[in-house]
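S.K.: My structure is in structure-v8.pdb, and what it holds is PDB, N, CA and C atoms, pLDDT in the B column:
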ATOM      1  N   MET Z   1      -9.564   1.541  -4.134  1.00 82.00           N
ATOM      2  CA  MET Z   1     -10.188   0.548  -4.972  1.00 82.00           C
ATOM      3  C   MET Z   1      -9.294   0.279  -6.183  1.00 82.00           C
ATOM      4  N   ALA Z   2      -9.162  -0.959  -6.512  1.00 92.00           N
ATOM      5  CA  ALA Z   2      -8.313  -1.350  -7.631  1.00 92.00           C
ATOM      6  C   ALA Z   2      -9.078  -1.275  -8.946  1.00 92.00           C
ATOM      7  N   THR Z   3      -8.332  -0.988  -9.993  1.00 94.00           N
ATOM      8  CA  THR Z   3      -8.869  -1.022 -11.341  1.00 94.00           C
ATOM      9  C   THR Z   3      -8.193  -2.180 -12.060  1.00 94.00           C
ATOM     10  N   ILE Z   4      -8.988  -3.078 -12.625  1.00 96.00           N
ATOM     11  CA  ILE Z   4      -8.442  -4.236 -13.321  1.00 96.00           C
ATOM     12  C   ILE Z   4      -8.935  -4.194 -14.763  1.00 96.00           C
ATOM     13  N   VAL Z   5      -8.000  -4.146 -15.713  1.00 96.00           N
ATOM     14  CA  VAL Z   5      -8.353  -4.051 -17.132  1.00 96.00           C
ATOM     15  C   VAL Z   5      -7.560  -5.090 -17.928  1.00 96.00           C
ATOM     16  N   LYS Z   6      -8.153  -5.495 -19.046  1.00 96.00           N
ATOM     17  CA  LYS Z   6      -7.489  -6.434 -19.944  1.00 96.00           C
ATOM     18  C   LYS Z   6      -6.807  -5.635 -21.046  1.00 96.00           C
ATOM     19  N   ASN Z   7      -5.521  -5.916 -21.286  1.00 94.00           N
ATOM     20  CA  ASN Z   7      -4.830  -5.176 -22.344  1.00 94.00           C
ATOM     21  C   ASN Z   7      -4.850  -5.959 -23.654  1.00 94.00           C
ATOM     22  N   ALA Z   8      -4.294  -5.387 -24.694  1.00 93.00           N
ATOM     23  CA  ALA Z   8      -4.367  -5.964 -26.040  1.00 93.00           C
ATOM     24  C   ALA Z   8      -3.716  -7.343 -26.148  1.00 93.00           C
ATOM     25  N   SER Z   9      -2.710  -7.609 -25.342  1.00 94.00           N
ATOM     26  CA  SER Z   9      -2.015  -8.898 -25.426  1.00 94.00           C
ATOM     27  C   SER Z   9      -2.742 -10.010 -24.666  1.00 94.00           C
ATOM     28  N   GLY Z  10      -3.855  -9.658 -24.010  1.00 95.00           N
ATOM     29  CA  GLY Z  10      -4.651 -10.660 -23.303  1.00 95.00           C
ATOM     30  C   GLY Z  10      -4.313 -10.813 -21.836  1.00 95.00           C
ATOM     31  N   THR Z  11      -3.349 -10.059 -21.350  1.00 96.00           N
ATOM     32  CA  THR Z  11      -3.029 -10.120 -19.926  1.00 96.00           C
ATOM     33  C   THR Z  11      -3.870  -9.092 -19.165  1.00 96.00           C
ATOM     34  N   TRP Z  12      -3.913  -9.234 -17.863  1.00 97.00           N
ATOM     35  CA  TRP Z  12      -4.704  -8.351 -17.007  1.00 97.00           C
ATOM     36  C   TRP Z  12      -3.785  -7.450 -16.207  1.00 97.00           C
ATOM     37  N   ILE Z  13      -4.148  -6.183 -16.112  1.00 96.00           N
ATOM     38  CA  ILE Z  13      -3.366  -5.212 -15.348  1.00 96.00           C
ATOM     39  C   ILE Z  13      -4.212  -4.726 -14.178  1.00 96.00           C
ATOM     40  N   ALA Z  14      -3.656  -4.848 -12.988  1.00 96.00           N
ATOM     41  CA  ALA Z  14      -4.324  -4.341 -11.789  1.00 96.00           C
ATOM     42  C   ALA Z  14      -3.584  -3.086 -11.338  1.00 96.00           C
ATOM     43  N   VAL Z  15      -4.323  -2.004 -11.139  1.00 96.00           N
ATOM     44  CA  VAL Z  15      -3.746  -0.734 -10.706  1.00 96.00           C
ATOM     45  C   VAL Z  15      -4.468  -0.296  -9.441  1.00 96.00           C
ATOM     46  N   ILE Z  16      -3.701   0.035  -8.411  1.00 94.00           N
ATOM     47  CA  ILE Z  16      -4.275   0.506  -7.151  1.00 94.00           C
ATOM     48  C   ILE Z  16      -3.801   1.927  -6.921  1.00 94.00           C
ATOM     49  N   ARG Z  17      -4.753   2.832  -6.749  1.00 92.00           N
ATOM     50  CA  ARG Z  17      -4.456   4.224  -6.412  1.00 92.00           C
ATOM     51  C   ARG Z  17      -5.179   4.546  -5.124  1.00 92.00           C
ATOM     52  N   LYS Z  18      -4.421   4.964  -4.132  1.00 87.00           N
ATOM     53  CA  LYS Z  18      -5.002   5.322  -2.839  1.00 87.00           C
ATOM     54  C   LYS Z  18      -4.264   6.537  -2.306  1.00 87.00           C
ATOM     55  N   ALA Z  19      -5.018   7.482  -1.764  1.00 81.00           N
ATOM     56  CA  ALA Z  19      -4.414   8.699  -1.225  1.00 81.00           C
ATOM     57  C   ALA Z  19      -3.408   8.340  -0.139  1.00 81.00           C
ATOM     58  N   GLY Z  20      -2.258   8.983  -0.197  1.00 76.00           N
ATOM     59  CA  GLY Z  20      -1.219   8.740   0.800  1.00 76.00           C
ATOM     60  C   GLY Z  20      -0.282   7.605   0.441  1.00 76.00           C
ATOM     61  N   PHE Z  21      -0.517   6.914  -0.667  1.00 81.00           N
ATOM     62  CA  PHE Z  21       0.324   5.805  -1.100  1.00 81.00           C
ATOM     63  C   PHE Z  21       0.740   6.022  -2.547  1.00 81.00           C
ATOM     64  N   PRO Z  22       1.896   5.495  -2.943  1.00 85.00           N
ATOM     65  CA  PRO Z  22       2.268   5.575  -4.360  1.00 85.00           C
ATOM     66  C   PRO Z  22       1.375   4.639  -5.183  1.00 85.00           C
ATOM     67  N   THR Z  23       1.200   4.951  -6.452  1.00 89.00           N
ATOM     68  CA  THR Z  23       0.420   4.089  -7.341  1.00 89.00           C
ATOM     69  C   THR Z  23       1.119   2.745  -7.465  1.00 89.00           C
ATOM     70  N   ASN Z  24       0.334   1.679  -7.418  1.00 91.00           N
ATOM     71  CA  ASN Z  24       0.874   0.334  -7.451  1.00 91.00           C
ATOM     72  C   ASN Z  24       0.203  -0.415  -8.606  1.00 91.00           C
ATOM     73  N   ALA Z  25       0.977  -1.014  -9.509  1.00 94.00           N
ATOM     74  CA  ALA Z  25       0.423  -1.730 -10.653  1.00 94.00           C
ATOM     75  C   ALA Z  25       1.200  -3.020 -10.897  1.00 94.00           C
ATOM     76  N   LYS Z  26       0.471  -4.022 -11.386  1.00 95.00           N
ATOM     77  CA  LYS Z  26       1.104  -5.301 -11.674  1.00 95.00           C
ATOM     78  C   LYS Z  26       0.312  -6.002 -12.783  1.00 95.00           C
ATOM     79  N   THR Z  27       0.994  -6.813 -13.595  1.00 96.00           N
ATOM     80  CA  THR Z  27       0.376  -7.516 -14.712  1.00 96.00           C
ATOM     81  C   THR Z  27       0.242  -9.007 -14.374  1.00 96.00           C
ATOM     82  N   PHE Z  28      -0.901  -9.596 -14.798  1.00 96.00           N
ATOM     83  CA  PHE Z  28      -1.185 -11.000 -14.495  1.00 96.00           C
ATOM     84  C   PHE Z  28      -1.706 -11.721 -15.736  1.00 96.00           C
ATOM     85  N   ARG Z  29      -1.545 -13.032 -15.740  1.00 96.00           N
ATOM     86  CA  ARG Z  29      -2.034 -13.855 -16.828  1.00 96.00           C
ATOM     87  C   ARG Z  29      -3.543 -14.075 -16.720  1.00 96.00           C
ATOM     88  N   LEU Z  30      -4.054 -14.249 -15.509  1.00 96.00           N
ATOM     89  CA  LEU Z  30      -5.478 -14.504 -15.283  1.00 96.00           C
ATOM     90  C   LEU Z  30      -6.105 -13.400 -14.438  1.00 96.00           C
ATOM     91  N   LYS Z  31      -7.373 -13.126 -14.687  1.00 96.00           N
ATOM     92  CA  LYS Z  31      -8.077 -12.076 -13.959  1.00 96.00           C
ATOM     93  C   LYS Z  31      -8.184 -12.404 -12.476  1.00 96.00           C
ATOM     94  N   LYS Z  32      -8.396 -13.674 -12.141  1.00 96.00           N
ATOM     95  CA  LYS Z  32      -8.551 -14.030 -10.721  1.00 96.00           C
ATOM     96  C   LYS Z  32      -7.266 -13.761  -9.938  1.00 96.00           C
ATOM     97  N   TYR Z  33      -6.109 -13.912 -10.597  1.00 96.00           N
ATOM     98  CA  TYR Z  33      -4.846 -13.593  -9.926  1.00 96.00           C
ATOM     99  C   TYR Z  33      -4.743 -12.087  -9.665  1.00 96.00           C
ATOM    100  N   ALA Z  34      -5.174 -11.300 -10.645  1.00 96.00           N
ATOM    101  CA  ALA Z  34      -5.150  -9.842 -10.487  1.00 96.00           C
ATOM    102  C   ALA Z  34      -6.078  -9.411  -9.350  1.00 96.00           C
ATOM    103  N   GLU Z  35      -7.268 -10.011  -9.290  1.00 96.00           N
ATOM    104  CA  GLU Z  35      -8.217  -9.676  -8.221  1.00 96.00           C
ATOM    105  C   GLU Z  35      -7.669 -10.053  -6.854  1.00 96.00           C
ATOM    106  N   HIS Z  36      -7.044 -11.233  -6.777  1.00 95.00           N
ATOM    107  CA  HIS Z  36      -6.474 -11.679  -5.503  1.00 95.00           C
ATOM    108  C   HIS Z  36      -5.351 -10.747  -5.036  1.00 95.00           C
ATOM    109  N   TRP Z  37      -4.446 -10.397  -5.945  1.00 94.00           N
ATOM    110  CA  TRP Z  37      -3.347  -9.489  -5.603  1.00 94.00           C
ATOM    111  C   TRP Z  37      -3.876  -8.134  -5.165  1.00 94.00           C
ATOM    112  N   ALA Z  38      -4.866  -7.615  -5.898  1.00 95.00           N
ATOM    113  CA  ALA Z  38      -5.426  -6.308  -5.571  1.00 95.00           C
ATOM    114  C   ALA Z  38      -6.075  -6.327  -4.186  1.00 95.00           C
ATOM    115  N   ARG Z  39      -6.844  -7.368  -3.904  1.00 94.00           N
ATOM    116  CA  ARG Z  39      -7.496  -7.478  -2.591  1.00 94.00           C
ATOM    117  C   ARG Z  39      -6.465  -7.548  -1.473  1.00 94.00           C
ATOM    118  N   ARG Z  40      -5.431  -8.380  -1.669  1.00 93.00           N
ATOM    119  CA  ARG Z  40      -4.392  -8.541  -0.657  1.00 93.00           C
ATOM    120  C   ARG Z  40      -3.618  -7.242  -0.436  1.00 93.00           C
ATOM    121  N   THR Z  41      -3.277  -6.556  -1.529  1.00 91.00           N
ATOM    122  CA  THR Z  41      -2.521  -5.309  -1.435  1.00 91.00           C
ATOM    123  C   THR Z  41      -3.344  -4.215  -0.758  1.00 91.00           C
ATOM    124  N   GLU Z  42      -4.625  -4.112  -1.096  1.00 91.00           N
ATOM    125  CA  GLU Z  42      -5.485  -3.112  -0.454  1.00 91.00           C
ATOM    126  C   GLU Z  42      -5.645  -3.400   1.032  1.00 91.00           C
ATOM    127  N   ASP Z  43      -5.734  -4.685   1.401  1.00 88.00           N
ATOM    128  CA  ASP Z  43      -5.809  -5.038   2.818  1.00 88.00           C
ATOM    129  C   ASP Z  43      -4.553  -4.624   3.564  1.00 88.00           C
ATOM    130  N   GLU Z  44      -3.389  -4.827   2.937  1.00 86.00           N
ATOM    131  CA  GLU Z  44      -2.132  -4.407   3.554  1.00 86.00           C
ATOM    132  C   GLU Z  44      -2.090  -2.893   3.730  1.00 86.00           C
ATOM    133  N   MET Z  45      -2.586  -2.158   2.731  1.00 84.00           N
ATOM    134  CA  MET Z  45      -2.617  -0.696   2.825  1.00 84.00           C
ATOM    135  C   MET Z  45      -3.535  -0.242   3.959  1.00 84.00           C
ATOM    136  N   ALA Z  46      -4.625  -0.952   4.162  1.00 84.00           N
ATOM    137  CA  ALA Z  46      -5.581  -0.584   5.201  1.00 84.00           C
ATOM    138  C   ALA Z  46      -4.994  -0.797   6.593  1.00 84.00           C
ATOM    139  N   ARG Z  47      -4.066  -1.736   6.722  1.00 80.00           N
ATOM    140  CA  ARG Z  47      -3.467  -2.016   8.031  1.00 80.00           C
ATOM    141  C   ARG Z  47      -2.357  -1.048   8.418  1.00 80.00           C
ATOM    142  N   VAL Z  48      -1.869  -0.245   7.485  1.00 74.00           N
ATOM    143  CA  VAL Z  48      -0.797   0.705   7.778  1.00 74.00           C
ATOM    144  C   VAL Z  48      -1.371   1.878   8.563  1.00 74.00           C
ATOM    145  N   PRO Z  49      -0.803   2.197   9.720  1.00 69.00           N
ATOM    146  CA  PRO Z  49      -1.289   3.354  10.483  1.00 69.00           C
ATOM    147  C   PRO Z  49      -1.157   4.636   9.668  1.00 69.00           C
ATOM    148  N   ASP Z  50      -2.069   5.578   9.905  1.00 63.00           N
ATOM    149  CA  ASP Z  50      -2.054   6.835   9.159  1.00 63.00           C
ATOM    150  C   ASP Z  50      -0.715   7.552   9.263  1.00 63.00           C
ATOM    151  N   SER Z  51      -0.040   7.404  10.377  1.00 52.00           N
ATOM    152  CA  SER Z  51       1.218   8.119  10.568  1.00 52.00           C
ATOM    153  C   SER Z  51       2.344   7.560   9.694  1.00 52.00           C
ATOM    154  N   LEU Z  52       2.153   6.373   9.124  1.00 60.00           N
ATOM    155  CA  LEU Z  52       3.215   5.774   8.324  1.00 60.00           C
ATOM    156  C   LEU Z  52       2.990   5.924   6.827  1.00 60.00           C
ATOM    157  N   THR Z  53       1.921   6.569   6.403  1.00 60.00           N
ATOM    158  CA  THR Z  53       1.679   6.754   4.976  1.00 60.00           C
ATOM    159  C   THR Z  53       2.528   7.900   4.450  1.00 60.00           C
ATOM    160  N   TYR Z  54       2.668   7.964   3.152  1.00 56.00           N
ATOM    161  CA  TYR Z  54       3.441   9.023   2.521  1.00 56.00           C
ATOM    162  C   TYR Z  54       2.731  10.367   2.653  1.00 56.00           C
ATOM    163  N   CYS Z  55       3.502  11.420   2.668  1.00 52.00           N
ATOM    164  CA  CYS Z  55       2.926  12.763   2.573  1.00 52.00           C
ATOM    165  C   CYS Z  55       2.389  12.920   1.153  1.00 52.00           C
ATOM    166  N   THR Z  56       1.373  13.752   0.968  1.00 53.00           N
ATOM    167  CA  THR Z  56       0.808  13.917  -0.372  1.00 53.00           C
ATOM    168  C   THR Z  56       1.821  14.521  -1.336  1.00 53.00           C
ATOM    169  N   SER Z  57       2.790  15.267  -0.833  1.00 53.00           N
ATOM    170  CA  SER Z  57       3.804  15.858  -1.705  1.00 53.00           C
ATOM    171  C   SER Z  57       4.981  14.910  -1.932  1.00 53.00           C
ATOM    172  N   ASN Z  58       4.917  13.692  -1.319  1.00 54.00           N
ATOM    173  CA  ASN Z  58       5.983  12.693  -1.412  1.00 54.00           C
ATOM    174  C   ASN Z  58       7.298  13.168  -0.806  1.00 54.00           C
ATOM    175  N   ARG Z  59       7.221  14.168   0.060  1.00 61.00           N
ATOM    176  CA  ARG Z  59       8.400  14.615   0.801  1.00 61.00           C
ATOM    177  C   ARG Z  59       8.067  14.539   2.280  1.00 61.00           C
ATOM    178  N   TRP Z  60       9.047  14.163   3.053  1.00 64.00           N
ATOM    179  CA  TRP Z  60       8.838  14.060   4.490  1.00 64.00           C
ATOM    180  C   TRP Z  60       9.149  15.405   5.134  1.00 64.00           C
ATOM    181  N   ASP Z  61       8.232  15.935   5.913  1.00 70.00           N
ATOM    182  CA  ASP Z  61       8.545  17.122   6.693  1.00 70.00           C
ATOM    183  C   ASP Z  61       8.911  16.677   8.114  1.00 70.00           C
ATOM    184  N   THR Z  62       9.407  17.565   8.914  1.00 77.00           N
ATOM    185  CA  THR Z  62       9.895  17.224  10.244  1.00 77.00           C
ATOM    186  C   THR Z  62       8.811  16.625  11.127  1.00 77.00           C
ATOM    187  N   MET Z  63       7.614  17.178  11.097  1.00 75.00           N
ATOM    188  CA  MET Z  63       6.538  16.680  11.950  1.00 75.00           C
ATOM    189  C   MET Z  63       6.129  15.262  11.548  1.00 75.00           C
ATOM    190  N   THR Z  64       6.087  14.987  10.259  1.00 75.00           N
ATOM    191  CA  THR Z  64       5.742  13.647   9.802  1.00 75.00           C
ATOM    192  C   THR Z  64       6.791  12.639  10.234  1.00 75.00           C
ATOM    193  N   LEU Z  65       8.057  13.003  10.101  1.00 76.00           N
ATOM    194  CA  LEU Z  65       9.125  12.111  10.545  1.00 76.00           C
ATOM    195  C   LEU Z  65       9.015  11.827  12.038  1.00 76.00           C
ATOM    196  N   TYR Z  66       8.680  12.839  12.817  1.00 79.00           N
ATOM    197  CA  TYR Z  66       8.523  12.651  14.254  1.00 79.00           C
ATOM    198  C   TYR Z  66       7.369  11.688  14.549  1.00 79.00           C
ATOM    199  N   ARG Z  67       6.247  11.845  13.836  1.00 80.00           N
ATOM    200  CA  ARG Z  67       5.091  10.962  14.057  1.00 80.00           C
ATOM    201  C   ARG Z  67       5.425   9.515  13.702  1.00 80.00           C
ATOM    202  N   VAL Z  68       6.140   9.325  12.602  1.00 78.00           N
ATOM    203  CA  VAL Z  68       6.531   7.978  12.194  1.00 78.00           C
ATOM    204  C   VAL Z  68       7.447   7.370  13.244  1.00 78.00           C
ATOM    205  N   TYR Z  69       8.432   8.122  13.674  1.00 79.00           N
ATOM    206  CA  TYR Z  69       9.367   7.645  14.688  1.00 79.00           C
ATOM    207  C   TYR Z  69       8.628   7.293  15.978  1.00 79.00           C
ATOM    208  N   SER Z  70       7.729   8.163  16.412  1.00 82.00           N
ATOM    209  CA  SER Z  70       6.977   7.930  17.649  1.00 82.00           C
ATOM    210  C   SER Z  70       6.124   6.676  17.545  1.00 82.00           C
ATOM    211  N   ALA Z  71       5.467   6.485  16.414  1.00 80.00           N
ATOM    212  CA  ALA Z  71       4.615   5.310  16.229  1.00 80.00           C
ATOM    213  C   ALA Z  71       5.443   4.027  16.274  1.00 80.00           C
ATOM    214  N   GLN Z  72       6.618   4.058  15.671  1.00 79.00           N
ATOM    215  CA  GLN Z  72       7.465   2.873  15.662  1.00 79.00           C
ATOM    216  C   GLN Z  72       8.004   2.574  17.057  1.00 79.00           C
ATOM    217  N   ILE Z  73       8.391   3.596  17.790  1.00 79.00           N
ATOM    218  CA  ILE Z  73       8.904   3.402  19.147  1.00 79.00           C
ATOM    219  C   ILE Z  73       7.804   2.855  20.057  1.00 79.00           C
ATOM    220  N   GLU Z  74       6.591   3.414  19.948  1.00 74.00           N
ATOM    221  CA  GLU Z  74       5.476   2.916  20.755  1.00 74.00           C
ATOM    222  C   GLU Z  74       5.202   1.450  20.451  1.00 74.00           C
ATOM    223  N   TYR Z  75       5.267   1.063  19.191  1.00 66.00           N
ATOM    224  CA  TYR Z  75       5.033  -0.319  18.791  1.00 66.00           C
ATOM    225  C   TYR Z  75       6.092  -1.235  19.398  1.00 66.00           C
ATOM    226  N   VAL Z  76       7.344  -0.826  19.324  1.00 69.00           N
ATOM    227  CA  VAL Z  76       8.435  -1.639  19.876  1.00 69.00           C
ATOM    228  C   VAL Z  76       8.283  -1.781  21.383  1.00 69.00           C
ATOM    229  N   LYS Z  77       7.915  -0.703  22.067  1.00 66.00           N
ATOM    230  CA  LYS Z  77       7.762  -0.767  23.525  1.00 66.00           C
ATOM    231  C   LYS Z  77       6.609  -1.689  23.927  1.00 66.00           C
ATOM    232  N   ARG Z  78       5.533  -1.726  23.109  1.00 68.00           N
ATOM    233  CA  ARG Z  78       4.403  -2.610  23.411  1.00 68.00           C
ATOM    234  C   ARG Z  78       4.806  -4.059  23.272  1.00 68.00           C
ATOM    235  N   ILE Z  79       5.702  -4.359  22.335  1.00 65.00           N
ATOM    236  CA  ILE Z  79       6.132  -5.746  22.117  1.00 65.00           C
ATOM    237  C   ILE Z  79       7.004  -6.226  23.279  1.00 65.00           C
ATOM    238  N   GLU Z  80       7.847  -5.350  23.773  1.00 58.00           N
ATOM    239  CA  GLU Z  80       8.809  -5.746  24.825  1.00 58.00           C
ATOM    240  C   GLU Z  80       8.136  -6.004  26.085  1.00 58.00           C
TER     241      GLU Z  80
END
The structure given in the file should be rewritten as structure tokens.

M.R.:
Amino acid sequence: MATIVKNASGTWIAVIRKAGFPTNAKTFRLKKYAEHWARRTEDEMARVPDSLTYCTSNRWDTMTLYRVYSAQIEYVKRIE
């Protein structure tokens, strides 16, 4: 879920924090732009397969790399 706040200069800041993803923040002139960006970004995050998200420690271990590789290969084979 995104957090949208107005700062002292009158601009809006949208911050998205989701487990398995790095924190994502952006500044906007209007609140509706911040809401639109946040909704679009969260939708993109929801479409990412679990195997492609970051490890909670932000380091890739061997098993995670294997899962990512396998998921990408399976996707490519389905397209062909």

S.K.: What gap, in Å, lies between atom C of Z:Arg67 and atom C of Z:Ala19?

M.R.: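 Distance between the two atoms: 16.5 Å.
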
S.K.: Which residues come within 6 Å of Z:Val15, counting only C-alpha atoms, excluding same-chain residues fewer than 4 positions away, as a ChimeraX atom specification?

M.R.: /Z:2-3,24-25

S.K.: Quote the spacing between atom C of Z:Ile16 and atom N of Z:Trp37 in Å to one decimal place.

M.R.: 12.4 Å

S.K.: Find the distance between atom CA of Z:Lys6 and atom C of Z:Glu44 and write it in Å to one decimal.

M.R.: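 Between atom CA of Z:Lys6 and atom C of Z:Glu44 the gap is 24.5 Å.
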
S.K.: Can you spell out as a compact mmCIF listing (two decimals) with N, CA and C atoms, in the coordinates of the input the set of residues that the PyMOL selection byres (((chain Z and resi 38 and name CA) around 12) and name CA) selects in the structure I just provided?

M.R.:
# COMPACT_ATOMS: atom_id res chain seq x y z
N MET Z 1 -9.56 1.54 -4.13
CA MET Z 1 -10.19 0.55 -4.97
C MET Z 1 -9.29 0.28 -6.18
N ALA Z 2 -9.16 -0.96 -6.51
CA ALA Z 2 -8.31 -1.35 -7.63
C ALA Z 2 -9.08 -1.27 -8.95
N THR Z 3 -8.33 -0.99 -9.99
CA THR Z 3 -8.87 -1.02 -11.34
C THR Z 3 -8.19 -2.18 -12.06
N ILE Z 4 -8.99 -3.08 -12.62
CA ILE Z 4 -8.44 -4.24 -13.32
C ILE Z 4 -8.94 -4.19 -14.76
N TRP Z 12 -3.91 -9.23 -17.86
CA TRP Z 12 -4.70 -8.35 -17.01
C TRP Z 12 -3.78 -7.45 -16.21
N ILE Z 13 -4.15 -6.18 -16.11
CA ILE Z 13 -3.37 -5.21 -15.35
C ILE Z 13 -4.21 -4.73 -14.18
N ALA Z 14 -3.66 -4.85 -12.99
CA ALA Z 14 -4.32 -4.34 -11.79
C ALA Z 14 -3.58 -3.09 -11.34
N VAL Z 15 -4.32 -2.00 -11.14
CA VAL Z 15 -3.75 -0.73 -10.71
C VAL Z 15 -4.47 -0.30 -9.44
N ILE Z 16 -3.70 0.04 -8.41
CA ILE Z 16 -4.28 0.51 -7.15
C ILE Z 16 -3.80 1.93 -6.92
N ARG Z 17 -4.75 2.83 -6.75
CA ARG Z 17 -4.46 4.22 -6.41
C ARG Z 17 -5.18 4.55 -5.12
N LYS Z 18 -4.42 4.96 -4.13
CA LYS Z 18 -5.00 5.32 -2.84
C LYS Z 18 -4.26 6.54 -2.31
N ASN Z 24 0.33 1.68 -7.42
CA ASN Z 24 0.87 0.33 -7.45
C ASN Z 24 0.20 -0.42 -8.61
N ALA Z 25 0.98 -1.01 -9.51
CA ALA Z 25 0.42 -1.73 -10.65
C ALA Z 25 1.20 -3.02 -10.90
N LYS Z 26 0.47 -4.02 -11.39
CA LYS Z 26 1.10 -5.30 -11.67
C LYS Z 26 0.31 -6.00 -12.78
N THR Z 27 0.99 -6.81 -13.60
CA THR Z 27 0.38 -7.52 -14.71
C THR Z 27 0.24 -9.01 -14.37
N PHE Z 28 -0.90 -9.60 -14.80
CA PHE Z 28 -1.18 -11.00 -14.50
C PHE Z 28 -1.71 -11.72 -15.74
N LYS Z 31 -7.37 -13.13 -14.69
CA LYS Z 31 -8.08 -12.08 -13.96
C LYS Z 31 -8.18 -12.40 -12.48
N LYS Z 32 -8.40 -13.67 -12.14
CA LYS Z 32 -8.55 -14.03 -10.72
C LYS Z 32 -7.27 -13.76 -9.94
N TYR Z 33 -6.11 -13.91 -10.60
CA TYR Z 33 -4.85 -13.59 -9.93
C TYR Z 33 -4.74 -12.09 -9.66
N ALA Z 34 -5.17 -11.30 -10.64
CA ALA Z 34 -5.15 -9.84 -10.49
C ALA Z 34 -6.08 -9.41 -9.35
N GLU Z 35 -7.27 -10.01 -9.29
CA GLU Z 35 -8.22 -9.68 -8.22
C GLU Z 35 -7.67 -10.05 -6.85
N HIS Z 36 -7.04 -11.23 -6.78
CA HIS Z 36 -6.47 -11.68 -5.50
C HIS Z 36 -5.35 -10.75 -5.04
N TRP Z 37 -4.45 -10.40 -5.94
CA TRP Z 37 -3.35 -9.49 -5.60
C TRP Z 37 -3.88 -8.13 -5.16
N ARG Z 39 -6.84 -7.37 -3.90
CA ARG Z 39 -7.50 -7.48 -2.59
C ARG Z 39 -6.46 -7.55 -1.47
N ARG Z 40 -5.43 -8.38 -1.67
CA ARG Z 40 -4.39 -8.54 -0.66
C ARG Z 40 -3.62 -7.24 -0.44
N THR Z 41 -3.28 -6.56 -1.53
CA THR Z 41 -2.52 -5.31 -1.44
C THR Z 41 -3.34 -4.22 -0.76
N GLU Z 42 -4.62 -4.11 -1.10
CA GLU Z 42 -5.48 -3.11 -0.45
C GLU Z 42 -5.64 -3.40 1.03
N ASP Z 43 -5.73 -4.68 1.40
CA ASP Z 43 -5.81 -5.04 2.82
C ASP Z 43 -4.55 -4.62 3.56
N GLU Z 44 -3.39 -4.83 2.94
CA GLU Z 44 -2.13 -4.41 3.55
C GLU Z 44 -2.09 -2.89 3.73
N MET Z 45 -2.59 -2.16 2.73
CA MET Z 45 -2.62 -0.70 2.82
C MET Z 45 -3.54 -0.24 3.96

S.K.: Give me every strand (DSSP E or B) residue in stretch 5-55 of chain Z, going by DSSP on the backbone, as a PyMOL selection string.

M.R.: chain Z and resi 5-6+12-16+24-28
